[in-house]
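Containing mmCIF, C-alpha atoms and all ligand atoms: structure-v7.cif.
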```
data_target
#
loop_
_atom_site.label_atom_id
_atom_site.label_comp_id
_atom_site.auth_asym_id
_atom_site.auth_seq_id
_atom_site.Cartn_x
_atom_site.Cartn_y
_atom_site.Cartn_z
CA GLN A 1 84.04 97.65 97.04
CA LYS A 2 85.78 97.27 100.39
CA VAL A 3 88.99 95.26 100.89
CA LEU A 4 90.46 94.03 104.18
CA VAL A 5 94.28 94.12 104.14
CA SER A 6 95.99 92.25 106.99
CA GLY A 7 99.44 93.27 108.23
CA ALA A 8 98.78 96.58 106.51
CA ASN A 9 101.70 98.40 108.12
CA GLY A 10 104.21 95.96 106.60
CA PHE A 11 106.83 96.56 103.95
CA VAL A 12 104.73 95.07 101.11
CA ALA A 13 101.24 95.72 102.42
CA ILE A 14 101.45 99.51 102.67
CA TRP A 15 101.99 99.59 98.89
CA VAL A 16 99.04 97.24 98.40
CA VAL A 17 96.85 99.56 100.46
CA ARG A 18 98.01 102.46 98.34
CA ALA A 19 97.37 100.66 95.05
CA LEU A 20 93.87 99.71 96.17
CA LEU A 21 93.01 103.22 97.35
CA GLU A 22 94.31 104.68 94.08
CA ARG A 23 92.05 102.28 92.17
CA GLY A 24 89.05 103.49 94.14
CA TYR A 25 88.60 100.65 96.61
CA ALA A 26 87.74 101.34 100.23
CA VAL A 27 90.37 99.72 102.42
CA ARG A 28 90.18 98.35 105.95
CA SER A 29 93.76 98.03 107.16
CA SER A 30 94.36 95.58 110.00
CA VAL A 31 97.38 95.99 112.29
CA ARG A 32 98.47 94.40 115.55
CA ALA A 33 98.39 97.55 117.65
CA ALA A 34 96.84 100.98 117.24
CA VAL A 35 100.25 102.63 117.29
CA LYS A 36 101.21 100.64 114.16
CA GLY A 37 98.25 102.15 112.35
CA ARG A 38 99.20 105.79 112.98
CA HIS A 39 101.56 106.09 110.04
CA LEU A 40 98.99 104.47 107.75
CA GLU A 41 96.35 106.93 108.93
CA ALA A 42 98.70 109.83 108.27
CA VAL A 43 99.90 108.64 104.85
CA PHE A 44 96.37 107.93 103.62
CA ALA A 45 94.60 110.82 105.40
CA GLN A 46 93.63 112.31 102.04
CA TYR A 47 91.36 109.33 101.41
CA GLY A 48 89.10 110.19 104.37
CA ASP A 49 86.47 107.52 105.01
CA GLN A 50 87.79 105.43 102.13
CA HIS A 51 90.49 104.15 104.52
CA GLU A 52 90.06 102.79 108.03
CA VAL A 53 92.37 101.01 110.46
CA VAL A 54 91.27 98.14 112.70
CA VAL A 55 93.32 96.38 115.38
CA VAL A 56 93.58 92.59 115.48
CA PRO A 57 95.99 91.99 118.37
CA ASP A 58 96.63 88.26 117.89
CA ILE A 59 95.97 86.75 114.47
CA THR A 60 96.25 83.23 115.90
CA ALA A 61 93.43 83.70 118.41
CA PRO A 62 90.22 81.84 117.48
CA GLY A 63 87.88 84.14 115.59
CA ALA A 64 90.56 86.86 115.45
CA PHE A 65 89.26 88.28 112.16
CA ASP A 66 85.55 87.70 112.80
CA GLU A 67 84.79 91.40 113.11
CA ALA A 68 87.34 92.57 110.55
CA VAL A 69 85.88 90.52 107.69
CA LYS A 70 82.32 91.77 108.14
CA GLY A 71 81.08 93.69 105.12
CA VAL A 72 84.22 93.36 102.98
CA ASP A 73 84.10 92.30 99.32
CA ALA A 74 87.64 90.97 99.29
CA ILE A 75 90.58 90.18 101.54
CA GLN A 76 94.31 90.58 101.02
CA HIS A 77 95.93 88.39 103.68
CA ILE A 78 99.50 89.63 103.85
CA ALA A 79 100.37 89.40 107.57
CA SER A 80 102.99 86.74 108.24
CA PRO A 81 106.26 86.70 110.16
CA VAL A 82 109.40 87.34 108.12
CA PRO A 83 112.75 86.18 109.49
CA VAL A 84 114.22 89.58 109.97
CA TYR A 85 111.65 90.54 112.55
CA ALA A 86 110.52 87.19 113.91
CA ASP A 87 112.55 84.67 115.79
CA GLY A 88 112.65 81.18 114.36
CA GLU A 89 110.29 79.68 116.93
CA ASN A 90 107.49 82.06 116.19
CA MET A 91 107.12 81.83 112.44
CA ILE A 92 105.18 78.70 111.59
CA THR A 93 102.26 78.99 113.99
CA PRO A 94 101.30 82.59 113.13
CA ALA A 95 101.80 81.94 109.41
CA VAL A 96 99.61 78.82 109.33
CA ASN A 97 97.07 79.59 112.03
CA GLY A 98 96.81 83.24 111.06
CA THR A 99 96.01 82.24 107.48
CA LEU A 100 93.57 79.50 108.42
CA GLY A 101 91.96 81.76 111.00
CA MET A 102 91.41 84.40 108.34
CA LEU A 103 89.76 81.85 106.04
CA GLN A 104 87.58 80.53 108.87
CA SER A 105 86.46 84.03 109.85
CA ALA A 106 85.75 84.67 106.17
CA MET A 107 83.64 81.53 105.97
CA LYS A 108 81.62 82.49 109.05
CA HIS A 109 81.18 86.20 108.55
CA GLY A 110 82.23 87.15 105.03
CA ASP A 111 78.72 87.53 103.70
CA ALA A 112 79.70 89.95 100.93
CA LEU A 113 83.01 88.26 100.14
CA LYS A 114 84.02 87.41 96.58
CA ARG A 115 87.73 86.70 96.80
CA VAL A 116 90.63 86.16 99.20
CA VAL A 117 94.19 86.81 97.99
CA VAL A 118 96.92 85.27 100.13
CA THR A 119 100.50 86.54 99.86
CA SER A 120 102.55 83.38 99.68
CA SER A 121 106.11 83.36 98.32
CA VAL A 122 108.49 81.53 96.04
CA ALA A 123 109.65 80.17 99.40
CA ALA A 124 106.74 77.74 98.98
CA VAL A 125 107.87 76.85 95.43
CA LEU A 126 111.63 76.50 95.19
CA HIS A 127 114.13 73.99 96.44
CA ILE A 128 117.86 74.18 96.55
CA GLY A 129 119.86 71.91 94.27
CA PRO A 130 123.30 71.69 92.73
CA GLU A 131 122.18 72.85 89.26
CA PRO A 132 120.32 75.95 88.09
CA GLN A 133 116.57 75.35 88.10
CA GLU A 134 113.49 76.96 86.63
CA PHE A 135 110.34 76.66 88.74
CA ASP A 136 106.66 77.04 87.97
CA GLU A 137 103.40 76.85 89.87
CA HIS A 138 103.45 73.05 89.95
CA ASP A 139 106.51 73.09 92.21
CA TRP A 140 106.28 72.85 95.97
CA ASN A 141 109.06 73.29 98.47
CA GLU A 142 108.95 69.85 100.07
CA GLN A 143 112.66 70.13 100.78
CA CYS A 144 112.27 72.62 103.63
CA LEU A 145 109.63 70.40 105.26
CA GLU A 146 111.95 67.39 105.05
CA VAL A 147 114.84 69.35 106.54
CA LEU A 148 112.59 70.65 109.30
CA ALA A 149 111.31 67.14 110.04
CA ARG A 150 114.85 65.75 110.21
CA GLY A 151 115.86 68.58 112.53
CA ASP A 152 119.42 68.55 111.25
CA ALA A 153 119.58 71.96 109.58
CA ASP A 154 122.83 73.83 110.00
CA PRO A 155 122.20 76.38 112.80
CA SER A 156 123.10 79.20 110.41
CA VAL A 157 120.09 78.35 108.21
CA THR A 158 117.58 77.22 110.84
CA THR A 159 115.67 80.47 110.73
CA LEU A 160 115.60 80.42 106.94
CA VAL A 161 114.32 76.84 106.91
CA LYS A 162 111.56 77.78 109.35
CA TYR A 163 110.59 80.74 107.20
CA LEU A 164 110.49 78.58 104.07
CA ALA A 165 108.42 76.03 105.98
CA SER A 166 106.09 78.70 107.38
CA LYS A 167 105.24 79.89 103.87
CA THR A 168 104.98 76.38 102.45
CA LEU A 169 102.75 75.08 105.25
CA ALA A 170 100.59 78.21 105.21
CA GLU A 171 99.98 77.91 101.48
CA LYS A 172 99.34 74.17 101.73
CA ALA A 173 96.77 74.96 104.42
CA VAL A 174 95.12 77.44 102.04
CA TRP A 175 94.66 74.88 99.29
CA LYS A 176 93.51 72.19 101.71
CA PHE A 177 90.92 74.62 103.08
CA TRP A 178 89.87 75.35 99.49
CA GLU A 179 89.47 71.66 98.63
CA ASP A 180 87.54 70.99 101.83
CA ASN A 181 85.19 73.95 101.54
CA ARG A 182 84.90 75.08 97.94
CA GLY A 183 81.41 73.65 97.59
CA ARG A 184 80.22 75.56 100.63
CA ILE A 185 81.54 79.06 99.98
CA GLU A 186 80.60 81.74 97.52
CA TRP A 187 84.12 83.15 97.20
CA ASP A 188 87.41 81.88 95.85
CA ILE A 189 91.10 82.15 96.65
CA VAL A 190 94.26 83.29 94.86
CA ALA A 191 97.82 82.77 96.15
CA LEU A 192 100.56 85.09 94.90
CA ASN A 193 104.14 83.81 94.98
CA PRO A 194 106.64 86.67 94.73
CA PRO A 195 110.42 86.39 95.04
CA TYR A 196 112.41 88.61 97.36
CA VAL A 197 111.08 92.12 97.36
CA ARG A 198 114.01 94.33 98.13
CA SER A 199 113.62 97.22 95.84
CA GLN A 200 111.36 100.16 96.38
CA PRO A 201 111.26 103.82 97.16
CA VAL A 202 110.62 104.38 100.87
CA MET A 203 107.02 104.79 102.00
CA HIS A 204 107.32 104.00 105.66
CA ASP A 205 108.02 106.36 108.50
CA ILE A 206 111.78 106.29 108.07
CA ALA A 207 113.91 109.32 108.84
CA THR A 208 117.40 107.88 108.38
CA PRO A 209 118.89 104.98 106.42
CA SER A 210 119.69 103.22 109.70
CA ALA A 211 115.95 102.77 110.22
CA LEU A 212 115.47 100.93 106.91
CA GLY A 213 114.33 97.35 107.46
CA ALA A 214 116.67 94.57 106.40
CA SER A 215 115.21 94.22 102.90
CA MET A 216 115.55 97.86 102.02
CA SER A 217 118.85 98.36 103.81
CA GLU A 218 120.40 95.54 101.80
CA TRP A 219 119.62 97.39 98.58
CA PHE A 220 120.68 100.71 100.10
CA THR A 221 124.01 99.29 101.25
CA ASN A 222 124.86 97.27 98.16
CA VAL A 223 123.74 99.71 95.51
CA ALA A 224 123.73 103.20 96.92
CA LYS A 225 126.47 103.26 99.50
CA ILE A 226 129.20 100.85 100.28
CA GLY A 227 128.85 98.21 97.62
CA ALA A 228 130.24 94.76 98.37
CA THR A 229 133.07 92.65 97.07
CA ASP A 230 133.22 92.45 93.29
CA GLU A 231 132.71 88.72 93.52
CA PHE A 232 129.57 89.08 95.63
CA LEU A 233 128.07 91.73 93.36
CA ALA A 234 128.67 89.62 90.26
CA SER A 235 127.50 86.30 91.71
CA ALA A 236 124.85 86.99 94.36
CA GLY A 237 121.26 87.71 93.40
CA GLY A 238 118.00 85.90 92.83
CA GLY A 239 114.55 86.78 91.52
CA TYR A 240 113.21 90.26 92.07
CA ILE A 241 110.06 92.31 91.79
CA ASP A 242 109.53 96.00 92.42
CA VAL A 243 107.13 96.30 95.33
CA ARG A 244 104.90 98.61 93.27
CA ASP A 245 104.47 95.87 90.66
CA LEU A 246 103.73 93.42 93.45
CA ALA A 247 101.09 95.82 94.74
CA ASP A 248 99.55 95.96 91.25
CA ALA A 249 99.60 92.16 91.17
CA HIS A 250 97.58 92.11 94.40
CA ALA A 251 94.99 94.46 92.90
CA LEU A 252 94.84 92.49 89.64
CA ALA A 253 94.45 89.27 91.60
CA LEU A 254 91.20 90.71 92.94
CA GLU A 255 89.99 91.89 89.59
CA LYS A 256 90.76 89.06 87.19
CA GLN A 257 88.10 86.39 87.36
CA ALA A 258 90.44 83.77 85.88
CA ALA A 259 92.84 84.12 88.80
CA GLY A 260 90.43 82.30 91.13
CA SER A 261 91.73 79.06 92.68
CA LYS A 262 95.22 79.58 91.24
CA ARG A 263 98.66 80.12 92.68
CA ILE A 264 100.56 82.65 90.60
CA ILE A 265 104.29 83.34 90.55
CA VAL A 266 104.98 87.05 90.08
CA CYS A 267 108.63 87.82 89.31
CA ALA A 268 110.22 90.49 87.11
CA GLY A 269 113.29 88.40 86.41
CA ALA A 270 116.61 87.25 87.73
CA PHE A 271 119.21 89.71 88.95
CA LYS A 272 122.76 89.97 90.16
CA TRP A 273 123.57 92.90 92.42
CA GLN A 274 125.94 94.22 89.78
CA ASP A 275 122.91 94.76 87.49
CA PHE A 276 121.51 97.39 89.87
CA LEU A 277 124.92 99.07 90.11
CA ASP A 278 125.25 99.18 86.33
CA ALA A 279 121.78 100.72 86.06
CA ALA A 280 122.57 103.21 88.83
CA ASN A 281 125.78 104.34 87.17
CA THR A 282 124.15 105.00 83.82
CA ILE A 283 121.49 107.38 85.14
CA SER A 284 121.88 110.64 83.29
CA PRO A 285 122.32 113.27 84.56
CA PRO A 286 123.86 111.58 87.63
CA LEU A 287 121.90 111.97 90.85
CA LYS A 288 123.33 114.01 93.70
CA LEU A 289 123.68 111.47 96.48
CA SER A 290 125.61 112.10 99.68
CA THR A 291 128.35 109.65 98.71
CA PRO A 292 129.56 108.46 95.28
CA LEU A 293 127.87 105.31 93.97
CA PRO A 294 129.86 102.08 94.15
CA VAL A 295 130.84 100.77 90.70
CA GLY A 296 131.80 97.11 91.12
CA VAL A 297 132.84 95.58 87.79
CA PRO A 298 130.53 96.96 85.10
CA GLY A 299 128.97 94.19 82.99
CA ALA A 300 130.01 91.43 85.37
CA GLY A 301 126.40 90.66 86.45
CA SER A 302 123.65 89.02 84.38
CA ALA A 303 125.18 90.46 81.21
CA SER A 304 128.33 88.43 81.72
CA PRO A 305 128.54 85.36 79.44
CA GLY A 306 129.33 83.14 82.43
CA ALA A 307 126.41 84.36 84.56
CA VAL A 308 124.47 81.56 86.24
CA HIS A 309 121.10 82.05 87.93
CA MET A 310 120.38 79.17 90.28
CA PHE A 311 116.66 80.02 90.66
CA THR A 312 114.50 81.27 87.83
CA TYR A 313 110.74 81.22 87.49
CA LYS A 314 108.21 80.74 84.70
CA THR A 315 105.89 83.72 84.85
CA ASP A 316 103.55 82.91 81.96
CA ARG A 317 100.59 82.54 84.28
CA ALA A 318 101.04 86.03 85.76
CA ALA A 319 101.18 87.43 82.23
CA GLU A 320 98.20 85.45 80.94
CA VAL A 321 95.90 85.61 83.94
CA LEU A 322 96.83 88.92 85.55
CA GLY A 323 98.25 90.74 82.55
CA LEU A 324 100.98 91.83 84.92
CA LYS A 325 103.64 94.17 83.54
CA TYR A 326 106.89 94.90 85.34
CA ARG A 327 108.95 98.03 85.64
CA SER A 328 112.41 97.68 84.16
CA LEU A 329 115.31 97.22 86.53
CA THR A 330 116.61 100.58 85.32
CA ASP A 331 113.36 102.36 86.17
CA THR A 332 113.21 100.74 89.59
CA THR A 333 116.80 101.75 90.28
CA ARG A 334 116.23 105.33 89.15
CA ASP A 335 113.10 105.71 91.27
CA ILE A 336 114.75 104.40 94.41
CA LEU A 337 117.84 106.57 94.02
CA THR A 338 115.76 109.63 93.19
CA ASP A 339 113.90 109.03 96.44
CA TYR A 340 117.22 108.74 98.32
CA GLU A 341 118.46 111.94 96.68
CA ALA A 342 115.35 113.81 97.80
CA ARG A 343 116.00 112.58 101.34
CA GLY A 344 119.60 113.78 101.24
CA TRP A 345 120.94 110.21 101.70
P1 LIG B 1 106.89 92.91 107.03
O1 LIG B 1 107.59 92.33 108.21
O2 LIG B 1 107.23 94.28 106.62
O3 LIG B 1 105.33 92.83 107.26
C1 LIG B 1 104.77 91.73 107.85
C2 LIG B 1 103.42 92.09 108.38
O4 LIG B 1 102.91 90.93 109.03
C3 LIG B 1 103.48 93.20 109.42
O5 LIG B 1 102.30 93.93 109.40
C4 LIG B 1 103.59 92.41 110.70
O6 LIG B 1 103.08 93.07 111.83
C5 LIG B 1 102.69 91.23 110.38
N1 LIG B 1 103.07 90.11 111.23
C6 LIG B 1 104.25 89.49 111.31
N2 LIG B 1 104.22 88.54 112.25
C7 LIG B 1 102.99 88.58 112.78
C8 LIG B 1 102.34 87.84 113.81
N3 LIG B 1 102.97 86.87 114.49
N4 LIG B 1 101.08 88.16 114.12
C9 LIG B 1 100.45 89.14 113.44
N5 LIG B 1 101.00 89.88 112.48
C10 LIG B 1 102.26 89.59 112.14
O7 LIG B 1 107.12 91.86 105.86
P2 LIG B 1 106.89 91.98 104.29
O8 LIG B 1 106.04 93.13 103.97
O9 LIG B 1 108.21 91.82 103.66
O10 LIG B 1 106.08 90.65 104.01
C11 LIG B 1 104.68 90.68 103.77
C12 LIG B 1 104.27 89.35 103.19
O11 LIG B 1 104.92 89.15 101.96
C13 LIG B 1 104.60 88.15 104.07
O12 LIG B 1 103.55 87.22 103.97
C14 LIG B 1 105.86 87.61 103.43
O13 LIG B 1 106.04 86.24 103.68
C15 LIG B 1 105.55 87.88 101.97
N6 LIG B 1 106.73 87.95 101.12
C16 LIG B 1 107.69 88.90 101.36
C17 LIG B 1 108.82 88.95 100.57
C18 LIG B 1 109.91 89.96 100.80
O14 LIG B 1 110.98 89.85 100.20
N7 LIG B 1 109.72 90.99 101.60
C19 LIG B 1 109.02 87.98 99.49
C20 LIG B 1 107.94 87.06 99.30
C21 LIG B 1 106.84 87.05 100.10
P3 LIG B 1 104.05 93.89 112.84
O15 LIG B 1 104.51 95.10 112.10
O16 LIG B 1 103.15 94.18 113.98
O17 LIG B 1 105.16 92.95 113.18
#
```
Can you turn what I pasted into structure tokens?
Ligand code: NDP
Amino acid sequence: QKVLVSGANGFVAIWVVRALLERGYAVRSSVRAAVKGRHLEAVFAQYGDQHEVVVVPDITAPGAFDEAVKGVDAIQHIASPVPVYADGENMITPAVNGTLGMLQSAMKHGDALKRVVVTSSVAAVLHIGPEPQEFDEHDWNEQCLEVLARGDADPSVTTLVKYLASKTLAEKAVWKFWEDNRGRIEWDIVALNPPYVRSQPVMHDIATPSALGASMSEWFTNVAKIGATDEFLASAGGGYIDVRDLADAHALALEKQAAGSKRIIVCAGAFKWQDFLDAANTISPPLKLSTPLPVGVPGAGSASPGAVHMFTYKTDRAAEVLGLKYRSLTDTTRDILTDYEARGW
């Protein structure tokens, strides 16, 4: 079984490629430029012909994936701009047209295709309100589209609104494509909706902490190094998933028949930054990191009686359909810090 993974050099996708290779799939990794495939080739060299890299320079070009989809049994469409690396203007078009273009190439040339998994996000699910809310797969983020249409977003959140809209519009385009074409295609579609994915051991070509992308450096800074104000650590957070569990979810989304034509929220739970610090400071024996761990106020995070999580998610579908299990926050924390220790950070 061969799987095409788009945006394979990305923060999430490299772990998906790894999970698929470990499960015995052949993987065709697509990247924007040959140079971005070099690290993938090196990391997965042991897999020989089981792994190949192809270059798709512009995912919005008509027929961009026509060649890449030929002969694959499944597709993991992960490529999409994230705010840290993309400027606000260039998020929606690549997200929507890149996704639709993948589906159109699949329809034209995916003769062996059985399933397409699209990496969406809780960005396409949630909306911001004054009270804590629990979301499920019936929820759509119409709010970001309304704000975008009004054009009156505070400049400090414009990029965020565009990112939320890019994910919402891309996933809406997926399900519209599915409704329009389901009678004409032999394959089906799954959308995965993860929350922020900050936590993971490093697998990219990163020599120093300064080269960590924004997602990983946030965890590094808050948990391993400097910490933040006690108030921030106790109050700031969200939903989380270990990237390795998200990679498993991508593999399971290919394998579980019942996942077809569903969107599925995959989230390990709600966190406050203090939770990671508490886990880090109870690792025994303590790890030998280059600087002492911040402490914050132990117990002031989710364990605190007054803790409020503004966004939580029902994850019954991921459990029932995918059988997805999550690492504990303690295990995730230990694995990341053990990785940092080995790197001398
Ligand atoms: P990365 O930025 O690490 O990876 C994004 C990938 O998409 C890269 O391969 C990147 O290529 C490619 N890409 C970005 N913009 C374009 C474009 N305009 N044209 C072609 N390729 C492009 O992000 P993540 O790994 O964090 O995100 C992967 C997916 O997961 C995205 O769909 C994201 O929305 C989703 N997601 C991520 C979450 C997170 O917290 N990280 C949370 C929920 C969902 P290049 O390296 O060449 O720029």
Discussion item. Quick one: residues within 12 Å of Thr338 of chain A, all atoms listed in the file, excluding same-chain residues fewer than 6 positions away - as a ChimeraX atom specification?
Written reply: /A:200-202,224,280,283-289,331-332,344-345
Worksheet item: So, counting only C-alpha atoms and all ligand atoms, which residue among A:Ala153, A:Leu246, A:Val147, A:Ile185 is closest to ligand LIG 1 (chain B)?
Response: A:Leu246
Quick one: which chain A residues come within 9 Å of ligand LIG 1 (chain B), and what is the nearest atom pair for each with the distance in Å to one decimal, counting all atoms listed in the file, rows ordered by chain and ascending number, as CSV?
```
residue,atom,partner,partner_atom,distance
A:Ser6,CA,B:LIG1,O5,7.0
A:Gly7,CA,B:LIG1,O5,3.2
A:Ala8,CA,B:LIG1,O5,5.3
A:Asn9,CA,B:LIG1,O5,4.7
A:Gly10,CA,B:LIG1,O3,3.4
A:Phe11,CA,B:LIG1,O8,3.5
A:Val12,CA,B:LIG1,O8,3.7
A:Ala13,CA,B:LIG1,O8,5.7
A:Ile14,CA,B:LIG1,O8,8.0
A:Ser30,CA,B:LIG1,O5,8.1
A:Val31,CA,B:LIG1,O5,6.1
A:Arg32,CA,B:LIG1,O16,4.9
A:Ala33,CA,B:LIG1,O16,6.9
A:Lys36,CA,B:LIG1,O16,6.7
A:Val56,CA,B:LIG1,C9,8.0
A:Pro57,CA,B:LIG1,C9,7.2
A:Asp58,CA,B:LIG1,N4,5.8
A:Ile59,CA,B:LIG1,C9,5.2
A:Thr60,CA,B:LIG1,N4,7.1
A:His77,CA,B:LIG1,O12,7.7
A:Ile78,CA,B:LIG1,O12,4.7
A:Ala79,CA,B:LIG1,O4,3.3
A:Ser80,CA,B:LIG1,O4,4.3
A:Pro81,CA,B:LIG1,N2,3.5
A:Val82,CA,B:LIG1,O1,5.3
A:Pro83,CA,B:LIG1,O1,8.1
A:Val84,CA,B:LIG1,O1,7.4
A:Tyr85,CA,B:LIG1,O1,6.2
A:Ala86,CA,B:LIG1,N2,6.7
A:Asn90,CA,B:LIG1,N3,6.8
A:Met91,CA,B:LIG1,N3,6.8
A:Ile92,CA,B:LIG1,N3,8.9
A:Thr93,CA,B:LIG1,N3,7.9
A:Pro94,CA,B:LIG1,N3,4.8
A:Ala95,CA,B:LIG1,N3,7.2
A:Gly98,CA,B:LIG1,N4,7.2
A:Val118,CA,B:LIG1,O12,7.9
A:Thr119,CA,B:LIG1,O12,5.2
A:Ser120,CA,B:LIG1,C21,5.7
A:Ser121,CA,B:LIG1,C21,4.2
A:Val122,CA,B:LIG1,C20,6.4
A:Ala123,CA,B:LIG1,C20,7.1
A:Tyr163,CA,B:LIG1,O13,8.0
A:Leu164,CA,B:LIG1,O13,8.9
A:Ser166,CA,B:LIG1,O13,8.4
A:Lys167,CA,B:LIG1,O13,6.4
A:Leu192,CA,B:LIG1,C21,8.4
A:Asn193,CA,B:LIG1,C20,6.6
A:Pro194,CA,B:LIG1,C20,4.8
A:Pro195,CA,B:LIG1,C19,4.9
A:Tyr196,CA,B:LIG1,O14,3.4
A:Val197,CA,B:LIG1,O14,3.6
A:Arg198,CA,B:LIG1,O14,5.8
A:Ser199,CA,B:LIG1,O14,9.0
A:Gly213,CA,B:LIG1,O2,7.8
A:Ser215,CA,B:LIG1,N7,6.5
A:Tyr240,CA,B:LIG1,O14,8.4
A:Ile241,CA,B:LIG1,O14,8.8
A:Val243,CA,B:LIG1,N7,8.6
```
Worksheet item: Within 9 Å of Met102 of chain A, counting all atoms listed in the file, which residues qualify if same-chain residues fewer than 4 places away don't, as a PyMOL selection string?
Response: chain A and resi 59+63-66+69+75+77+97-98+106-107
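Here atom CA of Glu231 of chain A and atom CA of Ala270 of chain A stand 17.2 Å from one another.
In this structure, atom CA of Cys267 of chain A sits 16.1 Å away from atom CA of Val190 of chain A.
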Practice prompt. May I have the residues within 9 Å of Ala307 of chain A as an MDAnalysis selection string, using all atoms listed in the file and disregarding those fewer than 6 positions away in the same chain?
Written response: chainID A and resid 234:235 272 300:301
Item to complete: Find the residues with any atom within 9 Å of (123.8, 90.8, 94.6); use all atoms listed in the file and the coordinates as given in the file, and write the answer as a list in words.
Response: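 I get Trp219, Asn222, Val223, Ala228, Phe232, Leu233, Ala234, Ser235, Ala236, Gly237, Gly238, Phe271, Lys272, Trp273, Gln274, Asp275, Phe276 and Gly301 of chain A for the residues within 9 Å of that point.
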Worksheet item: Which residue gives the smallest distance to Trp140 of chain A among A:His204, A:Arg327, A:Arg263, A:Lys114, with all atoms listed in the file counted?
Response: A:Arg263
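With all atoms listed in the file as the atoms that count, the residue of A:Ala253, A:Ala207, A:Leu113, A:Leu126 with the shortest distance to Glu186 of chain A is A:Leu113.
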Response to the item:
Restricting to only C-alpha atoms, whichever of A:Met203, A:Ala45, A:Ala68, A:Val17 is closest to Ile336 of chain A is A:Met203
Please give the centre and size of the box around segment 167-184 of chain A (axis-aligned, containing every atom listed in the file, 5 Å added per side), with values in Å to one decimal and written as lines of an AutoDock Vina configuration file.
```
center_x = 92.7
center_y = 75.4
center_z = 101.4
size_x = 35.0
size_y = 18.9
size_z = 17.7
```
Fill in: One-decimal distance in Å that lies between atom CA of Leu21 of chain A and atom CA of Phe44 of chain A
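According to the coordinates, atom CA of Phe44 of chain A and atom CA of Leu21 of chain A are separated by 8.5 Å.
The smallest atom-to-atom distance between Trp175 of chain A and any of A:Val5, A:Leu252, A:Val96, A:Leu212, using only C-alpha atoms, is found for A:Val96.
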Discussion item. Show me, as a ChimeraX atom specification, the residues that have an atom within 12 Å of Lys225 of chain A when counting only C-alpha atoms, minus same-chain residues fewer than 3 positions from it.
Written reply: /A:209,217-222,228,277,280,289-296,337,340,345
I need the chosen residues saved as a tab-separated table (two decimals), in the coordinates of the input, with C-alpha atoms.
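What follows is the written file result.tsv:
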```
chain	number	residue	atom	x	y	z
A	209	PRO	CA	118.89	104.98	106.42
A	217	SER	CA	118.85	98.36	103.81
A	218	GLU	CA	120.40	95.54	101.80
A	219	TRP	CA	119.62	97.39	98.58
A	220	PHE	CA	120.68	100.71	100.10
A	221	THR	CA	124.01	99.29	101.25
A	222	ASN	CA	124.86	97.27	98.16
A	228	ALA	CA	130.24	94.76	98.37
A	277	LEU	CA	124.92	99.07	90.11
A	280	ALA	CA	122.57	103.21	88.83
A	289	LEU	CA	123.68	111.47	96.48
A	290	SER	CA	125.61	112.10	99.68
A	291	THR	CA	128.35	109.65	98.71
A	292	PRO	CA	129.56	108.46	95.28
A	293	LEU	CA	127.87	105.31	93.97
A	294	PRO	CA	129.86	102.08	94.15
A	295	VAL	CA	130.84	100.77	90.70
A	296	GLY	CA	131.80	97.11	91.12
A	337	LEU	CA	117.84	106.57	94.02
A	340	TYR	CA	117.22	108.74	98.32
A	345	TRP	CA	120.94	110.21	101.70
```
List the neighbours of Leu4 of chain A out to 7 Å using only C-alpha atoms; skip same-chain residues closer than 2 positions along the sequence, and give me the result as a compact mmCIF listing (two decimals) with C-alpha atoms, in the coordinates of the input.
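The resulting part.txt:
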```txt
# COMPACT_ATOMS: atom_id res chain seq x y z
CA LYS A 2 85.78 97.27 100.39
CA SER A 6 95.99 92.25 106.99
CA VAL A 27 90.37 99.72 102.42
CA ARG A 28 90.18 98.35 105.95
CA SER A 29 93.76 98.03 107.16
CA VAL A 69 85.88 90.52 107.69
CA VAL A 72 84.22 93.36 102.98
CA ALA A 74 87.64 90.97 99.29
CA ILE A 75 90.58 90.18 101.54
CA GLN A 76 94.31 90.58 101.02
```
